[in-house]
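A.B. asks: Quick one: the structure is below, questions incoming.
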2 protein chains.
Amino acid sequence: MRANSNFDRLEQSYLFSTVARKVAAFKQANPDVTVIKMGIGDVTQPLAPSIITALSQATKEMSQADTFRGYCDDAEGYEFLRAAVTDHYARLGADLGLDEVFISDGAKSDLGNILDIIESGSKILIPDPVYPAYVDTNVMNGNTILYSKGTIENGFAPLPDDSVDVDVVYICSPNNPTGAVYTAEGLAAWVAYALEHNALIIFDSAYEAFIREPGLPHTIYEIEGAEKCAIEISSFSKRAGFTGVRCGFTVVPRNLEVCESNLNAFWRRRQNTKFNGVPYIVQRAAQAALSETGRKETAEQVDTYLRNAQIIGDAFDSMGIAYTGGRNAPYIWARCPKGMCSWDFFDLMLEKAHCVATPGVGFGSAGEGFVRFSAFGRTDDCKTAMERIQQMLEEEELI
Amino acid sequence: MRANSNFDRLEQSYLFSTVARKVAAFKQANPDVTVIKMGIGDVTQPLAPSIITALSQATKEMSQADTFRGYCDDAEGYEFLRAAVTDHYARLGADLGLDEVFISDGAKSDLGNILDIIESGSKILIPDPVYPAYVDTNVMNGNTILYSKGTIENGFAPLPDDSVDVDVVYICSPNNPTGAVYTAEGLAAWVAYALEHNALIIFDSAYEAFIREPGLPHTIYEIEGAEKCAIEISSFSKRAGFTGVRCGFTVVPRNLEVCESNLNAFWRRRQNTKFNGVPYIVQRAAQAALSETGRKETAEQVDTYLRNAQIIGDAFDSMGIAYTGGRNAPYIWARCPKGMCSWDFFDLMLEKAHCVATPGVGFGSAGEGFVRFSAFGRTDDCKTAMERIQQMLEEEELI
């Protein structure tokens, strides 16, 4: 038998393993030094009280025969949670039907699995730099990948090139790794492109909860026409600290006009054939995260991370280091000083400031010359790290 | 853009929706009649105490910053659970490495997703009758499907035909829907076939915990050579009542010889690209299910279901109705009397005995003339149902 030979075309990603190896080597050589890690995009605050209560209550239900739950009737999730998600969208101004919402075990799963319903060999437009899984999943499916380049000039929010014809467009806003957020005008340009070219937009809104600036769109469905051309994939991971709880939601509109097939029906069939739904207790936890109390509690957690981001951004402002993100996103995407490359600046920060960020080149070639700082750590650590980095840059005469 | 046109080749499955519609119509016409449902393959007993304790403890950990868990480092699961799974296999006599075990959110997901690493267009041998997802997932992936027919003569445990050359062979033992269990000799014949033809065996052992007869293999890895040709996909769903908790495990040996590519590495890459692991609290629950106390508690639950199966099987024995399963499986696969077809017997049972079973033809054309009874219900209901069925068959002069 033969394996899927597309896997042979995957590039090995050494980004995070190389970071981990370098940090471990430094720590071994410098056991008394405290290294501050600002590289990891994982939450650090515990689950909010209302979510813990929901998990405990659902666990109790599973212990009694009369309240025990087995299979969920539909792989797309319990109606109580799909209704909570449509209510969430209604608060954002988007009117969705219960049959357009699919509960997932996280955005990463659906971002990969969605390709099951798209023809192999399609032409795919992916931003550069970006979350590496977009590229890898498309390589696995035998698709042709084109890139839309993010630059400091376009604020890492590239706009469509009408002379390029593709089948699928990925957009991630707020963006990982650059923290860039599309304006309504920017997204409207992509929707117009999609409708003109019969292209499907896959919109990744995993970091939506970090948008606080009025007027910036929280969902692609705020844009007129998006319901005819866009699938949105989102997550409770960053909104509610669910990285270890595993729940997300995907919207596949009923009336997508860019495809002759019914993608809503195809995705429903895919999910009911290759998935058996999210744990009942997790669906109750997610429902709690979207309750009034849960929204208040989790917004306070996001506030904390945004304050960290502000500390990092303000420090770079005072140093004269250019960056994107940090205002409506948990990432700060900073240009390395004096044209340094990503890994050189990484090494310097580790050696001299004892801080870890993620080399931007690991997110695509357009990320060369940048580093990504995560605001998901402790506030004290953020302050200390920025002091150390400023001192180092001054000592090295890099600012 | 174009959708995956293989989805257009999927047959609509009306099995369970038609069953539900017929039952609802009968109930509406006969509101005072109690209908006993023996069609559904879902557990009914609540989670065992040790599993509830583990869920509660893990939930508490998630509420505190110093014990909170975010992303699992590896999509394949925490080492504590992979070690519990290798210990489980060691008890069955199979020696597996930690890097050969992958924790999943259930057998259904991995049975579908495993096709991601297999070349599209492969020749696939699937038993008939069988769990319908095998066929549908292979249609979605553009594979060519051949069937190995189960019959009452071969005990619904068909053996390989050396003149047929395929790339992948599916085996489900104990079988859903027939309850048939392969002997070691039967599985050895399939392993010999796979090694001879360079075919990959996908072995579904979701019902393994129901095997009580000494000598029957609990895992394909009890068979010499299986580690060179077989992937095993299993689940906590039926073993520990996890149908609503969602956890399973998949074994992809390091040294599969039937493929030139390293399928272990391919599957690891697939899972780390398109999956972010099973919830931490669920992994702790699964660990508890495999603990000494958990094994004792869940074995008692399985015993209850097996007693139900015995009641159903004994009743058919006394009626002279031929069947497979019911001894080492939660399903009884009964031949309809006097050559009746599946749906006619279903209708008769519903109308006259007020019992619901699943028409066998819904599991494939070789299932015509059979019905599947599930033993996952209440013991009293099983007894009442069999009395009603016997009375009906006598009145209708079908036995």
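Identifiers in the structure tokens: chain A, B, ... in order shown; residue index from 1 per chain; ligand index from 1 in order shown.
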Write out, as JSON lines, each residue of region 88-131 of chain A that has an atom at most 10 Å from region 262-269 of chain A, together with the closest pair of atoms and their distance in Å to one decimal, counting only C-alpha atoms, rows going by chain and rising number.

C.D. replies:
```
{"residue": "A:Asp99", "atom": "CA", "partner": "A:Asn264", "partner_atom": "CA", "distance": 8.5}
{"residue": "A:Glu100", "atom": "CA", "partner": "A:Asn264", "partner_atom": "CA", "distance": 7.1}
{"residue": "A:Val101", "atom": "CA", "partner": "A:Asn264", "partner_atom": "CA", "distance": 9.5}
{"residue": "A:Phe102", "atom": "CA", "partner": "A:Arg268", "partner_atom": "CA", "distance": 8.1}
{"residue": "A:Asn113", "atom": "CA", "partner": "A:Trp267", "partner_atom": "CA", "distance": 9.3}
{"residue": "A:Ile114", "atom": "CA", "partner": "A:Trp267", "partner_atom": "CA", "distance": 7.4}
{"residue": "A:Leu115", "atom": "CA", "partner": "A:Trp267", "partner_atom": "CA", "distance": 9.8}
{"residue": "A:Asp116", "atom": "CA", "partner": "A:Trp267", "partner_atom": "CA", "distance": 8.4}
{"residue": "A:Ile117", "atom": "CA", "partner": "A:Phe266", "partner_atom": "CA", "distance": 6.4}
{"residue": "A:Ile118", "atom": "CA", "partner": "A:Leu263", "partner_atom": "CA", "distance": 8.8}
```

A.B. asks: Considering only C-alpha atoms, return as a ChimeraX atom specification whatever protein or nucleic-acid residues lie within 6 Å of region 175-177 of chain A, sequence-local ones (same chain, fewer than 3 positions apart) excluded.

C.D. replies: /A:131,172,180

A.B. asks: Using DSSP on the backbone coordinates, identify all residues within region 241-288 of chain B classified as helix (DSSP H, G or I); present the result as number ranges by chain.

C.D. replies: B: 263-274, 280-288

A.B. asks: Do you have, as a tab-separated table, the list of residues of chain A lying at most 6 Å from chain B, each with its nearest atom pair and that distance in Å to one decimal, counting only C-alpha atoms and ordered by chain then number?

C.D. replies:
```
residue	atom	partner	partner_atom	distance
A:Met1	CA	B:Asp167	CA	4.6
A:Arg2	CA	B:Glu119	CA	5.6
A:Ala3	CA	B:Ile118	CA	4.3
A:Asn4	CA	B:Glu119	CA	4.1
A:Gln45	CA	B:Ala65	CA	5.7
A:Pro46	CA	B:Ala65	CA	4.9
A:Leu47	CA	B:Ser63	CA	5.2
A:Met62	CA	B:Pro46	CA	5.7
A:Ser63	CA	B:Pro46	CA	5.1
A:Gln64	CA	B:Pro46	CA	5.4
A:Ala65	CA	B:Pro46	CA	4.9
A:Phe68	CA	B:Pro46	CA	5.5
A:Arg69	CA	B:Gly244	CA	5.8
A:Gly70	CA	B:Gly244	CA	4.2
A:Tyr71	CA	B:Gly244	CA	4.8
A:Lys108	CA	B:Lys274	CA	5.8
A:Ser109	CA	B:Phe275	CA	4.8
A:Gly112	CA	B:Lys274	CA	4.9
A:Ile117	CA	B:Asn4	CA	4.9
A:Ile118	CA	B:Ala3	CA	4.3
A:Glu119	CA	B:Asn4	CA	4.1
A:Ala133	CA	B:Thr273	CA	5.8
A:Asp167	CA	B:Met1	CA	4.6
A:Asn198	CA	B:Met1	CA	5.9
A:Ala199	CA	B:Met1	CA	5.5
A:Thr243	CA	B:Gly70	CA	4.8
A:Gly244	CA	B:Gly70	CA	4.2
A:Val245	CA	B:Pro279	CA	4.7
A:Arg246	CA	B:Pro279	CA	5.7
A:Cys259	CA	B:Met1	CA	5.7
A:Thr273	CA	B:Ala133	CA	5.7
A:Lys274	CA	B:Ser109	CA	4.8
A:Phe275	CA	B:Ser109	CA	4.8
A:Pro279	CA	B:Val245	CA	4.7
A:Tyr280	CA	B:Gly244	CA	5.8
```

A.B. asks: After superposing chain B onto chain A (least squares, all C-alpha atoms, pairing by order), export the transformed chain as a short mmCIF file (atom, residue, chain, number, x, y, z; two decimals) with C-alpha atoms, in the first residue's frame.

C.D. replies:
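Once everything was written out, this is superposed_25.cif:
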```cif
data_model
loop_
_atom_site.label_atom_id
_atom_site.label_comp_id
_atom_site.auth_asym_id
_atom_site.auth_seq_id
_atom_site.Cartn_x
_atom_site.Cartn_y
_atom_site.Cartn_z
CA MET B 1 0.03 0.00 -0.01
CA ARG B 2 1.10 3.59 -0.52
CA ALA B 3 1.01 6.50 1.86
CA ASN B 4 -0.20 9.98 0.97
CA SER B 5 2.91 11.22 -0.84
CA ASN B 6 1.97 14.84 -0.18
CA PHE B 7 3.39 14.29 3.31
CA ASP B 8 6.84 13.96 1.73
CA ARG B 9 6.49 17.57 0.54
CA LEU B 10 5.98 18.92 4.07
CA GLU B 11 8.84 20.96 5.41
CA GLN B 12 10.02 19.94 8.82
CA SER B 13 9.26 22.68 11.30
CA TYR B 14 12.10 23.14 13.73
CA LEU B 15 10.86 26.51 15.05
CA PHE B 16 9.60 25.64 18.51
CA SER B 17 11.93 22.67 19.00
CA THR B 18 14.94 24.84 18.11
CA VAL B 19 13.71 27.56 20.49
CA ALA B 20 13.31 24.97 23.25
CA ARG B 21 16.76 23.50 22.58
CA LYS B 22 18.48 26.89 22.65
CA VAL B 23 16.71 27.90 25.86
CA ALA B 24 17.59 24.60 27.54
CA ALA B 25 21.25 24.95 26.54
CA PHE B 26 21.38 28.51 27.87
CA LYS B 27 19.79 27.48 31.16
CA GLN B 28 22.21 24.63 31.58
CA ALA B 29 25.15 26.98 31.03
CA ASN B 30 23.60 29.66 33.26
CA PRO B 31 21.69 27.85 35.99
CA ASP B 32 21.28 30.93 38.21
CA VAL B 33 19.73 33.17 35.55
CA THR B 34 15.95 33.58 35.40
CA VAL B 35 14.76 33.35 31.80
CA ILE B 36 11.46 35.06 30.97
CA LYS B 37 9.46 33.24 28.30
CA MET B 38 7.42 35.44 26.01
CA GLY B 39 7.38 33.02 23.12
CA ILE B 40 4.49 30.77 23.92
CA GLY B 41 0.97 31.52 22.67
CA ASP B 42 -0.75 29.71 25.50
CA VAL B 43 -2.95 31.16 28.22
CA THR B 44 -1.78 31.11 31.84
CA GLN B 45 -4.83 32.14 33.90
CA PRO B 46 -7.01 29.35 35.33
CA LEU B 47 -10.58 28.75 34.17
CA ALA B 48 -13.10 31.33 35.36
CA PRO B 49 -15.36 30.41 38.31
CA SER B 50 -18.56 30.12 36.24
CA ILE B 51 -16.82 27.69 33.89
CA ILE B 52 -15.54 25.57 36.78
CA THR B 53 -19.08 25.49 38.21
CA ALA B 54 -20.45 24.30 34.86
CA LEU B 55 -17.81 21.56 34.59
CA SER B 56 -18.55 20.39 38.13
CA GLN B 57 -22.30 20.38 37.57
CA ALA B 58 -22.00 18.48 34.28
CA THR B 59 -19.65 15.95 35.91
CA LYS B 60 -22.29 15.37 38.57
CA GLU B 61 -24.89 14.78 35.83
CA MET B 62 -22.62 12.16 34.29
CA SER B 63 -22.53 10.27 37.61
CA GLN B 64 -26.29 9.62 37.75
CA ALA B 65 -28.23 7.32 35.42
CA ASP B 66 -31.15 9.72 34.98
CA THR B 67 -28.95 12.67 33.94
CA PHE B 68 -26.11 10.75 32.23
CA ARG B 69 -25.44 11.72 28.59
CA GLY B 70 -24.07 9.36 25.96
CA TYR B 71 -23.63 10.26 22.32
CA CYS B 72 -24.78 13.71 21.31
CA ASP B 73 -27.45 13.20 18.62
CA ASP B 74 -25.56 15.44 16.24
CA ALA B 75 -21.79 15.72 15.82
CA GLU B 76 -22.35 19.47 15.36
CA GLY B 77 -23.16 19.86 19.03
CA TYR B 78 -25.97 20.34 21.51
CA GLU B 79 -28.55 22.94 20.63
CA PHE B 80 -27.97 24.74 23.94
CA LEU B 81 -24.41 25.56 22.86
CA ARG B 82 -25.21 26.31 19.23
CA ALA B 83 -27.87 28.72 20.51
CA ALA B 84 -25.31 30.37 22.81
CA VAL B 85 -23.06 30.82 19.77
CA THR B 86 -25.80 32.33 17.60
CA ASP B 87 -26.58 34.68 20.51
CA HIS B 88 -22.91 35.63 20.59
CA TYR B 89 -23.03 36.43 16.87
CA ALA B 90 -26.26 38.37 17.34
CA ARG B 91 -24.46 40.59 19.87
CA LEU B 92 -21.85 41.24 17.15
CA GLY B 93 -24.61 42.14 14.70
CA ALA B 94 -24.59 38.90 12.69
CA ASP B 95 -27.78 36.88 12.22
CA LEU B 96 -27.02 33.15 11.98
CA GLY B 97 -29.22 30.05 11.98
CA LEU B 98 -28.67 27.19 14.42
CA ASP B 99 -27.96 24.93 11.44
CA GLU B 100 -25.09 27.16 10.34
CA VAL B 101 -23.11 26.62 13.58
CA PHE B 102 -20.91 23.57 14.19
CA ILE B 103 -19.26 22.99 17.57
CA SER B 104 -15.68 21.70 17.27
CA ASP B 105 -12.89 20.53 19.53
CA GLY B 106 -10.94 23.63 18.58
CA ALA B 107 -10.10 25.87 15.64
CA LYS B 108 -7.00 23.83 14.77
CA SER B 109 -9.04 20.71 14.03
CA ASP B 110 -11.57 22.47 11.84
CA LEU B 111 -8.96 24.58 10.02
CA GLY B 112 -7.40 21.30 8.91
CA ASN B 113 -10.51 19.19 8.48
CA ILE B 114 -12.40 21.80 6.42
CA LEU B 115 -10.13 20.88 3.50
CA ASP B 116 -11.91 17.50 3.36
CA ILE B 117 -14.83 19.21 1.61
CA ILE B 118 -12.67 21.21 -0.84
CA GLU B 119 -11.41 19.76 -4.11
CA SER B 120 -7.83 18.52 -3.90
CA GLY B 121 -5.53 20.57 -6.13
CA SER B 122 -7.31 23.85 -5.43
CA LYS B 123 -5.41 27.17 -5.54
CA ILE B 124 -5.07 28.56 -2.04
CA LEU B 125 -4.01 32.07 -1.00
CA ILE B 126 -2.36 32.18 2.42
CA PRO B 127 -0.94 35.22 4.20
CA ASP B 128 2.79 35.29 4.97
CA PRO B 129 3.66 35.36 7.85
CA VAL B 130 0.96 33.20 9.38
CA TYR B 131 0.05 30.31 11.71
CA PRO B 132 2.05 27.43 10.10
CA ALA B 133 -0.84 24.91 10.10
CA TYR B 134 -2.56 26.68 7.16
CA VAL B 135 0.33 25.80 4.88
CA ASP B 136 0.93 22.28 6.19
CA THR B 137 -2.70 21.17 5.95
CA ASN B 138 -2.90 22.41 2.36
CA VAL B 139 0.32 20.61 1.43
CA MET B 140 -1.17 17.41 2.90
CA ASN B 141 -4.24 17.84 0.69
CA GLY B 142 -2.26 18.39 -2.49
CA ASN B 143 -3.32 21.99 -2.96
CA THR B 144 -1.32 24.73 -4.69
CA ILE B 145 -0.30 27.51 -2.33
CA LEU B 146 0.15 31.18 -3.18
CA TYR B 147 1.09 33.80 -0.61
CA SER B 148 -0.13 37.31 0.14
CA LYS B 149 2.81 39.10 1.69
CA GLY B 150 2.46 41.08 4.88
CA THR B 151 4.87 43.98 5.27
CA ILE B 152 5.38 46.75 7.77
CA GLU B 153 4.08 49.06 5.01
CA ASN B 154 0.70 47.31 4.64
CA GLY B 155 0.55 46.80 8.40
CA PHE B 156 0.65 43.03 7.84
CA ALA B 157 -2.93 43.27 6.56
CA PRO B 158 -2.43 42.64 2.82
CA LEU B 159 -5.25 43.49 0.40
CA PRO B 160 -6.40 41.43 -2.60
CA ASP B 161 -4.64 41.53 -5.95
CA ASP B 162 -7.43 41.31 -8.51
CA SER B 163 -5.07 39.88 -11.15
CA VAL B 164 -4.52 36.72 -9.10
CA ASP B 165 -7.23 34.06 -9.33
CA VAL B 166 -7.55 31.61 -6.44
CA ASP B 167 -10.16 29.22 -5.07
CA VAL B 168 -9.68 29.77 -1.35
CA VAL B 169 -8.41 32.73 0.69
CA TYR B 170 -7.27 32.44 4.32
CA ILE B 171 -7.63 35.46 6.58
CA CYS B 172 -6.67 35.54 10.26
CA SER B 173 -7.76 38.70 12.09
CA PRO B 174 -6.55 39.55 14.71
CA ASN B 175 -3.54 37.90 13.17
CA ASN B 176 -1.23 35.31 14.63
CA PRO B 177 1.71 36.14 14.66
CA THR B 178 1.54 39.83 13.69
CA GLY B 179 -1.37 40.99 15.87
CA ALA B 180 -2.62 42.99 12.88
CA VAL B 181 -6.39 43.54 12.71
CA TYR B 182 -8.29 44.16 9.49
CA THR B 183 -10.55 47.21 9.23
CA ALA B 184 -14.07 46.81 7.83
CA GLU B 185 -12.81 48.35 4.58
CA GLY B 186 -10.02 45.80 4.33
CA LEU B 187 -12.37 42.87 4.88
CA ALA B 188 -14.91 44.38 2.45
CA ALA B 189 -12.18 44.35 -0.21
CA TRP B 190 -11.62 40.64 0.40
CA VAL B 191 -15.36 39.87 0.31
CA ALA B 192 -15.65 41.76 -2.99
CA TYR B 193 -12.68 39.78 -4.35
CA ALA B 194 -14.22 36.47 -3.19
CA LEU B 195 -17.60 37.19 -4.78
CA GLU B 196 -15.96 38.36 -8.01
CA HIS B 197 -13.63 35.33 -8.25
CA ASN B 198 -15.96 32.68 -6.76
CA ALA B 199 -13.39 32.15 -4.03
CA LEU B 200 -14.14 30.84 -0.56
CA ILE B 201 -12.83 32.85 2.40
CA ILE B 202 -11.75 30.86 5.45
CA PHE B 203 -11.79 33.43 8.22
CA ASP B 204 -9.94 32.54 11.43
CA SER B 205 -11.28 34.64 14.29
CA ALA B 206 -9.64 32.79 17.19
CA TYR B 207 -8.40 36.08 18.70
CA GLU B 208 -11.66 38.02 18.26
CA ALA B 209 -12.17 38.63 22.00
CA PHE B 210 -9.05 40.83 22.05
CA ILE B 211 -10.61 43.46 19.77
CA ARG B 212 -11.55 46.46 21.91
CA GLU B 213 -11.29 49.34 19.45
CA PRO B 214 -14.75 50.46 18.28
CA GLY B 215 -15.37 49.99 14.57
CA LEU B 216 -13.03 47.05 14.02
CA PRO B 217 -14.99 44.00 12.79
CA HIS B 218 -15.22 41.07 15.23
CA THR B 219 -16.58 38.69 12.60
CA ILE B 220 -16.44 38.53 8.81
CA TYR B 221 -20.26 38.44 8.87
CA GLU B 222 -20.30 42.12 9.82
CA ILE B 223 -19.33 42.65 6.18
CA GLU B 224 -22.16 42.68 3.65
CA GLY B 225 -22.00 39.68 1.34
CA ALA B 226 -19.74 37.61 3.60
CA GLU B 227 -22.54 35.10 4.21
CA LYS B 228 -22.27 34.27 0.48
CA CYS B 229 -18.53 33.57 0.45
CA ALA B 230 -17.05 32.98 3.92
CA ILE B 231 -16.64 30.20 6.45
CA GLU B 232 -15.61 31.44 9.91
CA ILE B 233 -13.61 29.28 12.30
CA SER B 234 -13.29 30.37 15.91
CA SER B 235 -12.37 29.08 19.32
CA PHE B 236 -12.87 29.33 23.06
CA SER B 237 -9.11 28.82 23.57
CA LYS B 238 -7.98 32.42 23.81
CA ARG B 239 -11.41 33.88 24.62
CA ALA B 240 -11.94 31.78 27.74
CA GLY B 241 -8.66 29.99 28.47
CA PHE B 242 -9.78 26.74 26.80
CA THR B 243 -6.42 25.70 25.32
CA GLY B 244 -6.52 22.58 27.52
CA VAL B 245 -10.33 22.26 27.48
CA ARG B 246 -10.70 22.04 23.69
CA CYS B 247 -13.76 23.69 22.19
CA GLY B 248 -14.40 25.93 19.21
CA PHE B 249 -17.09 26.77 16.70
CA THR B 250 -17.28 26.93 12.93
CA VAL B 251 -19.85 28.78 10.86
CA VAL B 252 -20.72 27.38 7.44
CA PRO B 253 -23.52 29.50 5.97
CA ARG B 254 -26.42 27.77 4.24
CA ASN B 255 -26.23 29.98 1.17
CA LEU B 256 -22.62 30.14 0.10
CA GLU B 257 -22.77 31.30 -3.51
CA VAL B 258 -19.14 30.77 -4.44
CA CYS B 259 -19.57 27.00 -4.70
CA GLU B 260 -22.08 25.01 -6.73
CA SER B 261 -22.18 22.30 -4.04
CA ASN B 262 -23.88 22.84 -0.70
CA LEU B 263 -20.87 23.23 1.57
CA ASN B 264 -23.09 23.39 4.66
CA ALA B 265 -24.48 19.94 3.84
CA PHE B 266 -21.02 18.61 2.92
CA TRP B 267 -19.52 19.81 6.21
CA ARG B 268 -22.46 18.37 8.18
CA ARG B 269 -21.90 15.02 6.46
CA ARG B 270 -18.14 15.20 7.06
CA GLN B 271 -18.58 15.94 10.74
CA ASN B 272 -21.23 13.27 11.30
CA THR B 273 -19.03 10.70 9.52
CA LYS B 274 -15.61 11.49 10.98
CA PHE B 275 -16.44 13.09 14.34
CA ASN B 276 -18.69 12.30 17.28
CA GLY B 277 -18.94 15.72 18.86
CA VAL B 278 -17.34 17.51 21.78
CA PRO B 279 -17.61 16.09 25.34
CA TYR B 280 -20.90 16.98 27.03
CA ILE B 281 -19.11 18.50 30.01
CA VAL B 282 -16.98 20.66 27.71
CA GLN B 283 -20.07 21.87 25.84
CA ARG B 284 -21.56 22.92 29.20
CA ALA B 285 -18.30 24.72 30.06
CA ALA B 286 -18.40 26.57 26.72
CA GLN B 287 -22.04 27.54 27.31
CA ALA B 288 -20.99 28.99 30.68
CA ALA B 289 -18.18 30.95 28.98
CA LEU B 290 -20.81 32.67 26.81
CA SER B 291 -23.23 33.33 29.71
CA GLU B 292 -23.48 36.85 31.11
CA THR B 293 -21.29 36.00 34.12
CA GLY B 294 -18.88 33.99 32.01
CA ARG B 295 -18.48 36.82 29.51
CA LYS B 296 -17.69 39.25 32.32
CA GLU B 297 -15.18 36.91 33.97
CA THR B 298 -13.40 35.96 30.76
CA ALA B 299 -13.32 39.59 29.53
CA GLU B 300 -11.40 40.45 32.71
CA GLN B 301 -8.88 37.72 31.87
CA VAL B 302 -8.48 39.12 28.36
CA ASP B 303 -8.09 42.60 29.88
CA THR B 304 -5.11 41.33 31.87
CA TYR B 305 -3.44 39.99 28.73
CA LEU B 306 -4.19 43.24 26.89
CA ARG B 307 -2.57 45.22 29.72
CA ASN B 308 0.52 43.07 29.29
CA ALA B 309 0.44 43.78 25.56
CA GLN B 310 0.19 47.50 26.29
CA ILE B 311 3.27 47.33 28.55
CA ILE B 312 5.25 45.61 25.80
CA GLY B 313 4.00 47.98 23.09
CA ASP B 314 4.63 51.12 25.19
CA ALA B 315 8.16 49.95 25.89
CA PHE B 316 8.86 49.45 22.17
CA ASP B 317 7.34 52.87 21.45
CA SER B 318 9.76 54.46 23.88
CA MET B 319 12.68 52.55 22.30
CA GLY B 320 11.64 53.53 18.77
CA ILE B 321 11.16 49.91 17.73
CA ALA B 322 8.47 49.49 15.03
CA TYR B 323 5.78 46.87 15.63
CA THR B 324 2.25 45.79 14.78
CA GLY B 325 -0.33 44.31 17.15
CA GLY B 326 -0.53 44.69 20.89
CA ARG B 327 -3.61 46.91 20.79
CA ASN B 328 -6.38 44.49 19.84
CA ALA B 329 -4.38 41.29 19.96
CA PRO B 330 -2.24 39.32 22.41
CA TYR B 331 0.81 39.42 20.12
CA ILE B 332 3.37 42.14 19.50
CA TRP B 333 5.22 41.72 16.23
CA ALA B 334 8.40 43.76 16.52
CA ARG B 335 10.98 44.65 13.88
CA CYS B 336 14.45 43.56 14.88
CA PRO B 337 16.74 46.59 15.37
CA LYS B 338 19.24 47.69 12.74
CA GLY B 339 18.13 45.09 10.19
CA MET B 340 19.06 42.11 12.33
CA CYS B 341 17.58 38.79 11.26
CA SER B 342 15.07 36.96 13.46
CA TRP B 343 17.39 34.29 14.85
CA ASP B 344 20.27 36.69 15.55
CA PHE B 345 17.96 38.93 17.57
CA PHE B 346 16.50 35.88 19.32
CA ASP B 347 20.02 34.74 20.30
CA LEU B 348 21.00 38.21 21.50
CA MET B 349 17.87 38.56 23.65
CA LEU B 350 18.40 35.15 25.18
CA GLU B 351 22.10 35.72 25.90
CA LYS B 352 21.99 39.32 27.06
CA ALA B 353 18.43 40.00 28.27
CA HIS B 354 17.48 36.45 29.24
CA CYS B 355 14.16 36.80 27.42
CA VAL B 356 12.58 34.42 24.92
CA ALA B 357 10.46 35.56 21.99
CA THR B 358 9.59 33.65 18.80
CA PRO B 359 11.68 34.28 15.65
CA GLY B 360 9.34 35.72 13.03
CA VAL B 361 10.91 33.81 10.15
CA GLY B 362 9.38 30.67 11.66
CA PHE B 363 5.98 31.94 10.48
CA GLY B 364 7.02 32.35 6.86
CA SER B 365 9.76 34.05 4.85
CA ALA B 366 8.02 37.45 5.12
CA GLY B 367 8.52 37.15 8.88
CA GLU B 368 12.31 37.43 8.54
CA GLY B 369 13.60 40.40 10.52
CA PHE B 370 10.79 40.25 13.08
CA VAL B 371 10.11 38.56 16.43
CA ARG B 372 6.79 37.74 18.07
CA PHE B 373 6.16 38.59 21.72
CA SER B 374 3.26 36.94 23.50
CA ALA B 375 1.27 38.83 26.14
CA PHE B 376 -0.10 35.67 27.76
CA GLY B 377 2.45 35.68 30.60
CA ARG B 378 2.51 37.37 34.00
CA THR B 379 2.41 41.17 34.16
CA ASP B 380 5.49 41.45 36.39
CA ASP B 381 7.45 39.31 33.97
CA CYS B 382 6.43 41.54 31.05
CA LYS B 383 7.68 44.63 32.88
CA THR B 384 10.98 43.04 33.85
CA ALA B 385 11.51 41.67 30.35
CA MET B 386 11.00 45.04 28.70
CA GLU B 387 13.42 46.72 31.13
CA ARG B 388 16.03 44.08 30.35
CA ILE B 389 15.50 44.40 26.61
CA GLN B 390 15.77 48.19 26.70
CA GLN B 391 18.97 48.02 28.74
CA MET B 392 20.43 45.45 26.36
CA LEU B 393 19.58 47.48 23.26
CA GLU B 394 21.18 50.56 24.81
CA GLU B 395 24.30 48.67 25.83
CA GLU B 396 24.60 47.10 22.39
CA GLU B 397 23.95 50.51 20.80
CA LEU B 398 21.09 49.08 18.79
CA ILE B 399 18.72 51.96 19.67
#
```

A.B. asks: Looking only at strand (DSSP E) from DSSP on the backbone, list the matching residues of region 124-174 of chain B as a PyMOL selection string.

C.D. replies: chain B and resi 124-128+144-149+168-172
